[in-house]
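Peer 1: What follows is entry.cif, mmCIF, C-alpha atoms.
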```cif
data_input
loop_
_atom_site.group_PDB
_atom_site.id
_atom_site.type_symbol
_atom_site.label_atom_id
_atom_site.label_comp_id
_atom_site.auth_asym_id
_atom_site.auth_seq_id
_atom_site.Cartn_x
_atom_site.Cartn_y
_atom_site.Cartn_z
ATOM 1 C CA MET A 1 -19.939 9.310 52.705
ATOM 2 C CA THR A 2 -20.701 11.742 49.883
ATOM 3 C CA LEU A 3 -21.297 15.486 49.626
ATOM 4 C CA ASP A 4 -25.002 14.686 49.234
ATOM 5 C CA ASP A 5 -24.861 12.858 52.580
ATOM 6 C CA LEU A 6 -23.272 15.929 54.191
ATOM 7 C CA THR A 7 -25.934 18.174 52.688
ATOM 8 C CA ALA A 8 -28.648 15.993 54.208
ATOM 9 C CA MET A 9 -26.895 16.014 57.593
ATOM 10 C CA MET A 10 -26.666 19.819 57.560
ATOM 11 C CA ALA A 11 -30.334 20.106 56.604
ATOM 12 C CA ALA A 12 -31.242 17.960 59.625
ATOM 13 C CA ASP A 13 -28.866 19.766 62.030
ATOM 14 C CA GLU A 14 -28.818 23.556 61.761
ATOM 15 C CA ASN A 15 -26.494 23.872 64.782
ATOM 16 C CA HIS A 16 -23.386 22.428 63.150
ATOM 17 C CA ARG A 17 -21.367 22.642 59.949
ATOM 18 C CA TYR A 18 -20.128 19.423 58.381
ATOM 19 C CA GLU A 19 -17.077 19.086 56.161
ATOM 20 C CA ILE A 20 -15.333 16.123 54.582
ATOM 21 C CA SER A 21 -11.763 15.806 53.386
ATOM 22 C CA PRO A 22 -11.074 14.317 49.938
ATOM 23 C CA GLU A 23 -9.912 11.212 51.836
ATOM 24 C CA GLY A 24 -13.302 10.863 53.559
ATOM 25 C CA VAL A 25 -12.575 12.283 57.037
ATOM 26 C CA VAL A 26 -15.701 14.016 58.380
ATOM 27 C CA SER A 27 -15.402 17.104 60.612
ATOM 28 C CA ILE A 28 -18.252 18.535 62.678
ATOM 29 C CA MET A 29 -17.947 22.146 63.784
ATOM 30 C CA PRO A 30 -20.177 24.223 66.036
ATOM 31 C CA PRO A 31 -21.459 27.514 64.647
ATOM 32 C CA PRO A 32 -18.962 30.388 64.806
ATOM 33 C CA GLY A 33 -18.927 32.697 67.822
ATOM 34 C CA TYR A 34 -19.514 36.438 67.968
ATOM 35 C CA ASN A 35 -15.845 37.494 67.528
ATOM 36 C CA HIS A 36 -15.551 35.147 64.565
ATOM 37 C CA ALA A 37 -18.636 36.725 62.978
ATOM 38 C CA ILE A 38 -17.344 40.262 63.551
ATOM 39 C CA ILE A 39 -14.020 39.452 61.853
ATOM 40 C CA ALA A 40 -15.881 37.930 58.887
ATOM 41 C CA THR A 41 -18.147 40.984 58.654
ATOM 42 C CA ARG A 42 -15.214 43.425 58.759
ATOM 43 C CA LEU A 43 -13.489 41.537 55.950
ATOM 44 C CA MET A 44 -16.730 41.351 53.918
ATOM 45 C CA VAL A 45 -17.249 45.115 54.186
ATOM 46 C CA TRP A 46 -13.625 45.737 53.134
ATOM 47 C CA LEU A 47 -13.831 43.310 50.221
ATOM 48 C CA ALA A 48 -17.154 44.782 49.049
ATOM 49 C CA GLN A 49 -15.425 48.131 48.468
ATOM 50 C CA GLY A 50 -13.883 46.788 45.280
ATOM 51 C CA VAL A 51 -15.201 43.296 44.595
ATOM 52 C CA PRO A 52 -18.758 42.863 43.251
ATOM 53 C CA ALA A 53 -21.050 41.518 45.977
ATOM 54 C CA GLU A 54 -21.968 38.455 43.891
ATOM 55 C CA HIS A 55 -18.271 37.463 43.864
ATOM 56 C CA ILE A 56 -18.023 37.239 47.687
ATOM 57 C CA ALA A 57 -19.711 34.739 49.986
ATOM 58 C CA GLN A 58 -19.590 33.625 53.600
ATOM 59 C CA ALA A 59 -19.734 29.971 54.642
ATOM 60 C CA VAL A 60 -20.481 28.452 51.233
ATOM 61 C CA GLY A 61 -19.437 24.905 50.412
ATOM 62 C CA LEU A 62 -16.576 24.199 48.008
ATOM 63 C CA ARG A 63 -15.885 20.923 46.203
ATOM 64 C CA ILE A 64 -12.260 20.083 46.980
ATOM 65 C CA PRO A 65 -10.724 17.599 44.548
ATOM 66 C CA GLY A 66 -8.342 15.103 46.097
ATOM 67 C CA ARG A 67 -5.038 13.852 44.749
ATOM 68 C CA ASP A 68 -6.386 10.305 44.453
ATOM 69 C CA GLY A 69 -9.633 11.202 42.679
ATOM 70 C CA GLY A 70 -11.760 11.670 45.804
ATOM 71 C CA VAL A 71 -13.834 14.779 46.347
ATOM 72 C CA GLY A 72 -14.154 16.585 49.650
ATOM 73 C CA GLY A 73 -16.301 19.450 50.801
ATOM 74 C CA ARG A 74 -15.010 22.405 52.804
ATOM 75 C CA ILE A 75 -16.924 25.435 54.047
ATOM 76 C CA PRO A 76 -14.489 28.368 54.256
ATOM 77 C CA ASP A 77 -15.468 31.425 56.254
ATOM 78 C CA LEU A 78 -15.104 33.671 53.179
ATOM 79 C CA VAL A 79 -14.639 33.002 49.468
ATOM 80 C CA VAL A 80 -13.861 35.467 46.672
ATOM 81 C CA TRP A 81 -14.467 34.407 43.058
ATOM 82 C CA SER A 82 -13.396 35.971 39.765
ATOM 83 C CA LYS A 83 -17.020 35.806 38.578
ATOM 84 C CA ALA A 84 -20.491 35.126 39.946
ATOM 85 C CA GLN A 85 -21.363 31.482 40.581
ATOM 86 C CA ALA A 86 -24.459 29.398 39.914
ATOM 87 C CA ASP A 87 -26.471 28.562 43.004
ATOM 88 C CA GLY A 88 -25.548 25.331 44.725
ATOM 89 C CA VAL A 89 -24.472 23.762 47.997
ATOM 90 C CA TRP A 90 -21.013 22.554 46.901
ATOM 91 C CA LEU A 91 -19.457 24.904 44.343
ATOM 92 C CA PRO A 92 -16.402 24.185 42.169
ATOM 93 C CA VAL A 93 -13.063 25.847 42.967
ATOM 94 C CA ALA A 94 -12.233 26.766 39.360
ATOM 95 C CA ASP A 95 -12.962 30.502 39.727
ATOM 96 C CA VAL A 96 -11.914 30.959 43.371
ATOM 97 C CA LEU A 97 -9.367 33.754 43.924
ATOM 98 C CA LEU A 98 -9.200 33.752 47.722
ATOM 99 C CA VAL A 99 -10.319 31.571 50.615
ATOM 100 C CA VAL A 100 -10.301 32.923 54.189
ATOM 101 C CA GLU A 101 -10.454 30.791 57.323
ATOM 102 C CA ILE A 102 -10.937 32.411 60.735
ATOM 103 C CA VAL A 103 -9.351 30.126 63.317
ATOM 104 C CA SER A 104 -11.654 29.074 66.147
ATOM 105 C CA PRO A 105 -10.574 27.234 69.290
ATOM 106 C CA GLY A 106 -10.051 23.608 68.329
ATOM 107 C CA SER A 107 -9.739 24.234 64.578
ATOM 108 C CA GLU A 108 -6.114 25.396 64.518
ATOM 109 C CA GLY A 109 -4.667 22.202 63.038
ATOM 110 C CA VAL A 110 -7.357 21.766 60.409
ATOM 111 C CA ASP A 111 -7.248 25.448 59.369
ATOM 112 C CA THR A 112 -3.471 25.894 59.317
ATOM 113 C CA VAL A 113 -2.307 22.512 58.036
ATOM 114 C CA THR A 114 -5.041 20.310 56.548
ATOM 115 C CA LYS A 115 -7.041 22.962 54.696
ATOM 116 C CA ARG A 116 -3.896 24.773 53.558
ATOM 117 C CA SER A 117 -2.722 21.584 51.861
ATOM 118 C CA GLU A 118 -6.145 20.843 50.357
ATOM 119 C CA TYR A 119 -6.659 24.380 49.042
ATOM 120 C CA ALA A 120 -3.158 24.408 47.545
ATOM 121 C CA SER A 121 -3.787 21.060 45.814
ATOM 122 C CA ALA A 122 -7.054 22.505 44.470
ATOM 123 C CA GLY A 123 -5.104 25.411 42.924
ATOM 124 C CA ILE A 124 -6.716 28.228 44.912
ATOM 125 C CA PRO A 125 -4.379 31.234 44.366
ATOM 126 C CA GLN A 126 -4.658 32.793 47.851
ATOM 127 C CA TYR A 127 -5.393 31.447 51.314
ATOM 128 C CA TRP A 128 -5.653 33.750 54.317
ATOM 129 C CA VAL A 129 -5.793 32.553 57.911
ATOM 130 C CA VAL A 130 -7.077 34.965 60.576
ATOM 131 C CA ASP A 131 -6.252 34.236 64.215
ATOM 132 C CA GLN A 132 -8.585 35.384 66.962
ATOM 133 C CA ASP A 133 -5.683 36.814 68.974
ATOM 134 C CA SER A 134 -5.707 40.416 70.227
ATOM 135 C CA ALA A 135 -4.346 41.716 66.893
ATOM 136 C CA GLN A 136 -6.572 39.423 64.809
ATOM 137 C CA THR A 137 -3.434 38.453 62.909
ATOM 138 C CA VAL A 138 -3.902 37.705 59.209
ATOM 139 C CA THR A 139 -1.411 35.357 57.545
ATOM 140 C CA MET A 140 -1.643 35.674 53.767
ATOM 141 C CA HIS A 141 -0.533 32.687 51.718
ATOM 142 C CA ARG A 142 -0.003 32.851 47.955
ATOM 143 C CA LEU A 143 0.177 29.743 45.784
ATOM 144 C CA ASP A 144 3.666 29.052 44.423
ATOM 145 C CA GLY A 145 3.610 25.917 42.293
ATOM 146 C CA ASP A 146 1.663 23.383 44.331
ATOM 147 C CA GLN A 147 2.333 24.897 47.777
ATOM 148 C CA TYR A 148 1.523 28.096 49.610
ATOM 149 C CA VAL A 149 4.208 30.528 50.670
ATOM 150 C CA ILE A 150 3.580 33.232 53.230
ATOM 151 C CA GLN A 151 3.191 36.554 51.451
ATOM 152 C CA ALA A 152 2.590 38.699 54.561
ATOM 153 C CA THR A 153 1.494 38.554 58.184
ATOM 154 C CA MET A 154 -0.206 41.596 59.699
ATOM 155 C CA PRO A 155 -2.966 42.686 62.076
ATOM 156 C CA LEU A 156 -6.442 42.799 60.559
ATOM 157 C CA ALA A 157 -6.589 46.565 61.164
ATOM 158 C CA TRP A 158 -3.598 46.978 58.838
ATOM 159 C CA VAL A 159 -5.186 44.807 56.152
ATOM 160 C CA LEU A 160 -8.350 46.902 56.300
ATOM 161 C CA ASN A 161 -6.248 49.998 55.604
ATOM 162 C CA THR A 162 -4.726 48.570 52.438
ATOM 163 C CA GLY A 163 -6.191 48.545 48.953
ATOM 164 C CA LEU A 164 -7.622 45.409 47.425
ATOM 165 C CA ASP A 165 -5.304 45.836 44.438
ATOM 166 C CA GLU A 166 -2.325 45.381 46.790
ATOM 167 C CA HIS A 167 -3.555 41.816 47.262
ATOM 168 C CA GLY A 168 -4.488 41.057 43.654
ATOM 169 C CA LEU A 169 -8.198 41.433 44.399
ATOM 170 C CA GLY A 170 -9.072 44.865 42.980
#
```
If you convert what's in this file into structure tokens, what do you get?
Peer 2:
Amino acid sequence: MTLDDLTAMMAADENHRYEISPEGVVSIMPPPGYNHAIIATRLMVWLAQGVPAEHIAQAVGLRIPGRDGGVGGRIPDLVVWSKAQADGVWLPVADVLLVVEIVSPGSEGVDTVTKRSEYASAGIPQYWVVDQDSAQTVTMHRLDGDQYVIQATMPLAWVLNTGLDEHGLG
């Protein structure tokens, strides 16, 4: 299955998001819920205070290169780039500064293990995971070599009271 196949599947089914690992494993996810959308919106508003709007996107596809030459496609909840991107369904990761995944019920393993490994292999400098717990806990990972290390863990409300420059995004 190719990224073009996934694009066709998504065009035919507007109720689900489709992703594929570089190894060819297909994932089908339902659309995000209300709390998920509110978290994404809060982060977008915060990011837009210092990052140009054309450098931030929600739910856009990224081409994820695999270790063995395969190419996967992931759709993070939020992406921040160092510069504006050309329009497309599956964008390259070359200019990505930050990827954010908001964990939904059933996606914990994929978001915290599988995608973390894939994004690190792709060289994405920062990966944040937001839990939908009462604190909306944000775990910030920073790339160190070819693996992520946890930089900080804090409630979303705390993150929203920090400056973007504190996270290398300003």
Peer 1: Just say which residues the PyMOL selection byres ((chain A and resi 90) around 8) picks in this file, as a PyMOL selection string.
Peer 2: chain A and resi 3+60-63+73+88-89+91-92
Peer 1: Per residue of segment 102-137 of chain A within 12 Å of segment 14-21 of chain A, record the nearest atom pair and its distance in Å to one decimal, counting all atoms listed in the file, with rows in chain order and ascending residue number, as a tab-separated table.
Peer 2:
```
residue	atom	partner	partner_atom	distance
A:Val110	CA	A:Ser21	CA	10.2
A:Thr114	CA	A:Ser21	CA	8.7
A:Lys115	CA	A:Ser21	CA	8.7
A:Arg116	CA	A:Ser21	CA	11.9
A:Ser117	CA	A:Ser21	CA	10.8
A:Glu118	CA	A:Ser21	CA	8.1
A:Tyr119	CA	A:Ser21	CA	10.9
```
Peer 1: Could you state the separation of atom CA of Gln126 of chain A and atom CA of His36 of chain A in Å, given to one decimal place?
Peer 2: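 We find that atom CA of Gln126 of chain A and atom CA of His36 of chain A lie 20.1 Å from each other.
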Peer 1: For Val129 of chain A, find every residue with an atom within 10 Å (counting all atoms listed in the file), except residues of its own chain fewer than 3 positions away, and show them as a ChimeraX atom specification.
Peer 2: /A:77,99-103,108,111-112,116,132,136-141,153
Peer 1: Exactly which residues make up the result of the PyMOL selection byres ((chain A and resi 50-56) around 7) on this file, given as a ChimeraX atom specification?
Peer 2: /A:47-49,57,79-84,164,170
Peer 1: Give me, please, the distance in Å between atom CA of Gln58 of chain A and atom CA of Gly106 of chain A, quoted to one decimal.
Peer 2: 20.2 Å
Peer 1: Report, in Å with one decimal, the straight-line distance from atom CA of Asp133 of chain A to atom CA of Ile75 of chain A.
Peer 2: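 Atom CA of Ile75 of chain A lies at a distance of 21.9 Å from atom CA of Asp133 of chain A.
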Peer 1: Taking all atoms of segment 29-37 of chain A that the file lists, what box with edges along x, y and z, padded by 5 Å per side, do you get, with centre and edge lengths in Å to one decimal, as lines of an AutoDock Vina configuration file?
Peer 2:
```
center_x = -18.5
center_y = 29.8
center_z = 65.5
size_x = 15.9
size_y = 25.3
size_z = 15.0
```
Peer 1: Pick out the closest residue to Asn35 of chain A from this set: A:Val130, A:Leu78, A:Ala152, A:Val159. Count only C-alpha atoms.
Peer 2: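 Of the candidates, the smallest distance to Asn35 of chain A is held by A:Val130.
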Peer 1: Got a sec to check which residues sit within 8 Å of (-2.6, 29.2, 49.0), counting only C-alpha atoms, and write them as a PyMOL selection string?
Peer 2: chain A and resi 116+119-120+123-128+141-144+147-149
Peer 1: So that I can check the surroundings of Met1 of chain A, please list as a count of residues only every protein, DNA and RNA residue that reaches within 10 Å of it, counting all atoms listed in the file and ignoring chain neighbours fewer than 2 positions away.
Peer 2: 9
Peer 1: Given the choices A:Ser104, A:Thr2, A:Gln85, A:Gln151, which gets closest to Pro30 of chain A if the distance is worked out from all atoms listed in the file?
Peer 2: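 Once distances to Pro30 of chain A are computed over all atoms listed in the file, the minimum belongs to A:Ser104.
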Peer 1: Return the single residue from A:Met44, A:Ile39, A:Val113, A:Ala122 that is closest to Gly66 of chain A, with distances computed using all atoms listed in the file.
Peer 2: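 Looking only at the distances to Gly66 of chain A, the closest residue turns out to be A:Ala122.
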Peer 1: Any chance you could export segment 10-151 of chain A with C-alpha atoms, as a PDB file, in the first residue's frame?
Peer 2:
```pdb
ATOM      1  CA  MET A  10      -9.296   9.179   2.930  1.00  0.00           C
ATOM      2  CA  ALA A  11     -11.039  10.861  -0.001  1.00  0.00           C
ATOM      3  CA  ALA A  12     -13.623   8.055  -0.015  1.00  0.00           C
ATOM      4  CA  ASP A  13     -14.058   7.997   3.793  1.00  0.00           C
ATOM      5  CA  GLU A  14     -14.280  11.396   5.477  1.00  0.00           C
ATOM      6  CA  ASN A  15     -15.029   9.809   8.875  1.00  0.00           C
ATOM      7  CA  HIS A  16     -11.596   8.303   9.468  1.00  0.00           C
ATOM      8  CA  ARG A  17      -7.915   9.176   9.242  1.00  0.00           C
ATOM      9  CA  TYR A  18      -5.549   6.632   7.730  1.00  0.00           C
ATOM     10  CA  GLU A  19      -1.849   6.340   8.491  1.00  0.00           C
ATOM     11  CA  ILE A  20       0.827   3.879   7.445  1.00  0.00           C
ATOM     12  CA  SER A  21       4.106   3.050   9.130  1.00  0.00           C
ATOM     13  CA  PRO A  22       7.298   2.917   7.039  1.00  0.00           C
ATOM     14  CA  GLU A  23       7.027  -0.876   7.401  1.00  0.00           C
ATOM     15  CA  GLY A  24       3.555  -0.888   5.811  1.00  0.00           C
ATOM     16  CA  VAL A  25       1.282  -1.235   8.870  1.00  0.00           C
ATOM     17  CA  VAL A  26      -1.983   0.644   8.244  1.00  0.00           C
ATOM     18  CA  SER A  27      -3.813   2.369  11.122  1.00  0.00           C
ATOM     19  CA  ILE A  28      -7.396   3.619  10.936  1.00  0.00           C
ATOM     20  CA  MET A  29      -8.448   6.244  13.458  1.00  0.00           C
ATOM     21  CA  PRO A  30     -11.839   7.806  14.109  1.00  0.00           C
ATOM     22  CA  PRO A  31     -12.046  11.594  14.027  1.00  0.00           C
ATOM     23  CA  PRO A  32     -10.863  13.322  17.211  1.00  0.00           C
ATOM     24  CA  GLY A  33     -13.355  14.134  19.960  1.00  0.00           C
ATOM     25  CA  TYR A  34     -14.298  17.508  21.404  1.00  0.00           C
ATOM     26  CA  ASN A  35     -11.679  17.550  24.217  1.00  0.00           C
ATOM     27  CA  HIS A  36      -9.005  16.590  21.707  1.00  0.00           C
ATOM     28  CA  ALA A  37     -10.049  19.479  19.452  1.00  0.00           C
ATOM     29  CA  ILE A  38     -10.045  21.968  22.336  1.00  0.00           C
ATOM     30  CA  ILE A  39      -6.497  20.978  23.344  1.00  0.00           C
ATOM     31  CA  ALA A  40      -5.339  21.358  19.726  1.00  0.00           C
ATOM     32  CA  THR A  41      -7.025  24.765  19.473  1.00  0.00           C
ATOM     33  CA  ARG A  42      -5.462  26.012  22.725  1.00  0.00           C
ATOM     34  CA  LEU A  43      -2.013  24.980  21.510  1.00  0.00           C
ATOM     35  CA  MET A  44      -2.619  26.552  18.071  1.00  0.00           C
ATOM     36  CA  VAL A  45      -3.610  29.879  19.639  1.00  0.00           C
ATOM     37  CA  TRP A  46      -0.516  29.797  21.883  1.00  0.00           C
ATOM     38  CA  LEU A  47       1.802  28.891  19.015  1.00  0.00           C
ATOM     39  CA  ALA A  48       0.306  31.593  16.769  1.00  0.00           C
ATOM     40  CA  GLN A  49       1.476  34.248  19.244  1.00  0.00           C
ATOM     41  CA  GLY A  50       5.020  33.894  17.955  1.00  0.00           C
ATOM     42  CA  VAL A  51       5.078  31.497  15.014  1.00  0.00           C
ATOM     43  CA  PRO A  52       3.783  32.672  11.610  1.00  0.00           C
ATOM     44  CA  ALA A  53       0.409  31.079  10.853  1.00  0.00           C
ATOM     45  CA  GLU A  54       1.720  29.495   7.636  1.00  0.00           C
ATOM     46  CA  HIS A  55       4.295  27.579   9.720  1.00  0.00           C
ATOM     47  CA  ILE A  56       1.647  25.801  11.854  1.00  0.00           C
ATOM     48  CA  ALA A  57      -0.873  23.195  10.739  1.00  0.00           C
ATOM     49  CA  GLN A  58      -3.344  20.758  12.249  1.00  0.00           C
ATOM     50  CA  ALA A  59      -3.775  17.200  10.981  1.00  0.00           C
ATOM     51  CA  VAL A  60      -1.555  17.438   7.899  1.00  0.00           C
ATOM     52  CA  GLY A  61       0.168  14.368   6.500  1.00  0.00           C
ATOM     53  CA  LEU A  62       3.923  13.881   6.854  1.00  0.00           C
ATOM     54  CA  ARG A  63       6.110  11.539   4.805  1.00  0.00           C
ATOM     55  CA  ILE A  64       8.023   9.458   7.348  1.00  0.00           C
ATOM     56  CA  PRO A  65      11.138   7.811   5.923  1.00  0.00           C
ATOM     57  CA  GLY A  66      11.857   4.337   7.233  1.00  0.00           C
ATOM     58  CA  ARG A  67      15.185   2.830   8.208  1.00  0.00           C
ATOM     59  CA  ASP A  68      14.941   0.241   5.430  1.00  0.00           C
ATOM     60  CA  GLY A  69      14.011   2.657   2.639  1.00  0.00           C
ATOM     61  CA  GLY A  70      10.232   2.440   3.072  1.00  0.00           C
ATOM     62  CA  VAL A  71       8.090   5.532   3.398  1.00  0.00           C
ATOM     63  CA  GLY A  72       5.211   5.894   5.817  1.00  0.00           C
ATOM     64  CA  GLY A  73       2.599   8.555   6.305  1.00  0.00           C
ATOM     65  CA  ARG A  74       1.608   9.970   9.685  1.00  0.00           C
ATOM     66  CA  ILE A  75      -0.938  12.671  10.463  1.00  0.00           C
ATOM     67  CA  PRO A  76       0.160  14.448  13.658  1.00  0.00           C
ATOM     68  CA  ASP A  77      -2.334  16.606  15.507  1.00  0.00           C
ATOM     69  CA  LEU A  78      -0.080  19.677  15.161  1.00  0.00           C
ATOM     70  CA  VAL A  79       3.061  20.427  13.161  1.00  0.00           C
ATOM     71  CA  VAL A  80       5.356  23.460  13.358  1.00  0.00           C
ATOM     72  CA  TRP A  81       7.766  24.140  10.481  1.00  0.00           C
ATOM     73  CA  SER A  82      10.730  26.499  10.186  1.00  0.00           C
ATOM     74  CA  LYS A  83       9.243  27.865   6.947  1.00  0.00           C
ATOM     75  CA  ALA A  84       6.020  27.728   4.952  1.00  0.00           C
ATOM     76  CA  GLN A  85       5.410  24.547   2.963  1.00  0.00           C
ATOM     77  CA  ALA A  86       4.114  23.882  -0.537  1.00  0.00           C
ATOM     78  CA  ASP A  87       0.594  22.509  -0.661  1.00  0.00           C
ATOM     79  CA  GLY A  88       0.311  18.744  -0.621  1.00  0.00           C
ATOM     80  CA  VAL A  89      -1.221  15.772   1.153  1.00  0.00           C
ATOM     81  CA  TRP A  90       2.016  14.158   2.392  1.00  0.00           C
ATOM     82  CA  LEU A  91       4.660  16.773   3.204  1.00  0.00           C
ATOM     83  CA  PRO A  92       8.374  16.129   3.812  1.00  0.00           C
ATOM     84  CA  VAL A  93       9.784  16.304   7.351  1.00  0.00           C
ATOM     85  CA  ALA A  94      12.898  18.294   6.413  1.00  0.00           C
ATOM     86  CA  ASP A  95      11.699  21.618   7.876  1.00  0.00           C
ATOM     87  CA  VAL A  96       9.629  20.274  10.791  1.00  0.00           C
ATOM     88  CA  LEU A  97      10.563  21.763  14.185  1.00  0.00           C
ATOM     89  CA  LEU A  98       7.853  20.211  16.353  1.00  0.00           C
ATOM     90  CA  VAL A  99       5.229  17.485  16.106  1.00  0.00           C
ATOM     91  CA  VAL A 100       2.425  17.246  18.691  1.00  0.00           C
ATOM     92  CA  GLU A 101       0.253  14.190  19.270  1.00  0.00           C
ATOM     93  CA  ILE A 102      -2.792  14.392  21.546  1.00  0.00           C
ATOM     94  CA  VAL A 103      -3.390  10.923  22.962  1.00  0.00           C
ATOM     95  CA  SER A 104      -6.884   9.547  22.393  1.00  0.00           C
ATOM     96  CA  PRO A 105      -8.286   6.389  23.971  1.00  0.00           C
ATOM     97  CA  GLY A 106      -6.793   3.455  22.096  1.00  0.00           C
ATOM     98  CA  SER A 107      -3.878   5.395  20.582  1.00  0.00           C
ATOM     99  CA  GLU A 108      -1.582   5.392  23.620  1.00  0.00           C
ATOM    100  CA  GLY A 109       0.852   2.775  22.311  1.00  0.00           C
ATOM    101  CA  VAL A 110       1.082   4.207  18.814  1.00  0.00           C
ATOM    102  CA  ASP A 111       1.487   7.799  20.072  1.00  0.00           C
ATOM    103  CA  THR A 112       3.961   7.124  22.880  1.00  0.00           C
ATOM    104  CA  VAL A 113       6.084   4.346  21.394  1.00  0.00           C
ATOM    105  CA  THR A 114       5.650   3.798  17.646  1.00  0.00           C
ATOM    106  CA  LYS A 115       5.390   7.420  16.511  1.00  0.00           C
ATOM    107  CA  ARG A 116       8.091   8.546  18.939  1.00  0.00           C
ATOM    108  CA  SER A 117      10.506   6.098  17.328  1.00  0.00           C
ATOM    109  CA  GLU A 118       9.455   7.029  13.784  1.00  0.00           C
ATOM    110  CA  TYR A 119       9.670  10.783  14.391  1.00  0.00           C
ATOM    111  CA  ALA A 120      13.086  10.394  16.029  1.00  0.00           C
ATOM    112  CA  SER A 121      14.356   8.338  13.069  1.00  0.00           C
ATOM    113  CA  ALA A 122      13.028  11.068  10.757  1.00  0.00           C
ATOM    114  CA  GLY A 123      15.114  13.655  12.653  1.00  0.00           C
ATOM    115  CA  ILE A 124      12.238  15.790  13.943  1.00  0.00           C
ATOM    116  CA  PRO A 125      13.824  17.957  16.696  1.00  0.00           C
ATOM    117  CA  GLN A 126      10.867  18.019  19.125  1.00  0.00           C
ATOM    118  CA  TYR A 127       7.971  15.686  19.849  1.00  0.00           C
ATOM    119  CA  TRP A 128       5.295  16.582  22.383  1.00  0.00           C
ATOM    120  CA  VAL A 129       2.678  14.157  23.662  1.00  0.00           C
ATOM    121  CA  VAL A 130      -0.436  15.575  25.353  1.00  0.00           C
ATOM    122  CA  ASP A 131      -2.506  13.263  27.549  1.00  0.00           C
ATOM    123  CA  GLN A 132      -6.221  13.848  27.956  1.00  0.00           C
ATOM    124  CA  ASP A 133      -5.973  13.467  31.739  1.00  0.00           C
ATOM    125  CA  SER A 134      -7.350  16.121  34.107  1.00  0.00           C
ATOM    126  CA  ALA A 135      -4.133  18.183  33.867  1.00  0.00           C
ATOM    127  CA  GLN A 136      -3.779  17.646  30.106  1.00  0.00           C
ATOM    128  CA  THR A 137      -0.184  16.649  30.800  1.00  0.00           C
ATOM    129  CA  VAL A 138       2.344  17.595  28.120  1.00  0.00           C
ATOM    130  CA  THR A 139       5.503  15.489  27.838  1.00  0.00           C
ATOM    131  CA  MET A 140       8.117  17.327  25.784  1.00  0.00           C
ATOM    132  CA  HIS A 141      10.727  15.213  24.033  1.00  0.00           C
ATOM    133  CA  ARG A 142      13.851  16.692  22.445  1.00  0.00           C
ATOM    134  CA  LEU A 143      15.952  14.787  19.923  1.00  0.00           C
ATOM    135  CA  ASP A 144      19.346  13.721  21.285  1.00  0.00           C
ATOM    136  CA  GLY A 145      21.265  11.844  18.608  1.00  0.00           C
ATOM    137  CA  ASP A 146      18.772   9.386  17.156  1.00  0.00           C
ATOM    138  CA  GLN A 147      16.474   9.153  20.203  1.00  0.00           C
ATOM    139  CA  TYR A 148      14.197  11.450  22.147  1.00  0.00           C
ATOM    140  CA  VAL A 149      14.888  12.382  25.738  1.00  0.00           C
ATOM    141  CA  ILE A 150      12.250  13.909  27.968  1.00  0.00           C
ATOM    142  CA  GLN A 151      12.917  17.623  28.309  1.00  0.00           C
TER     143      GLN A 151
END
```
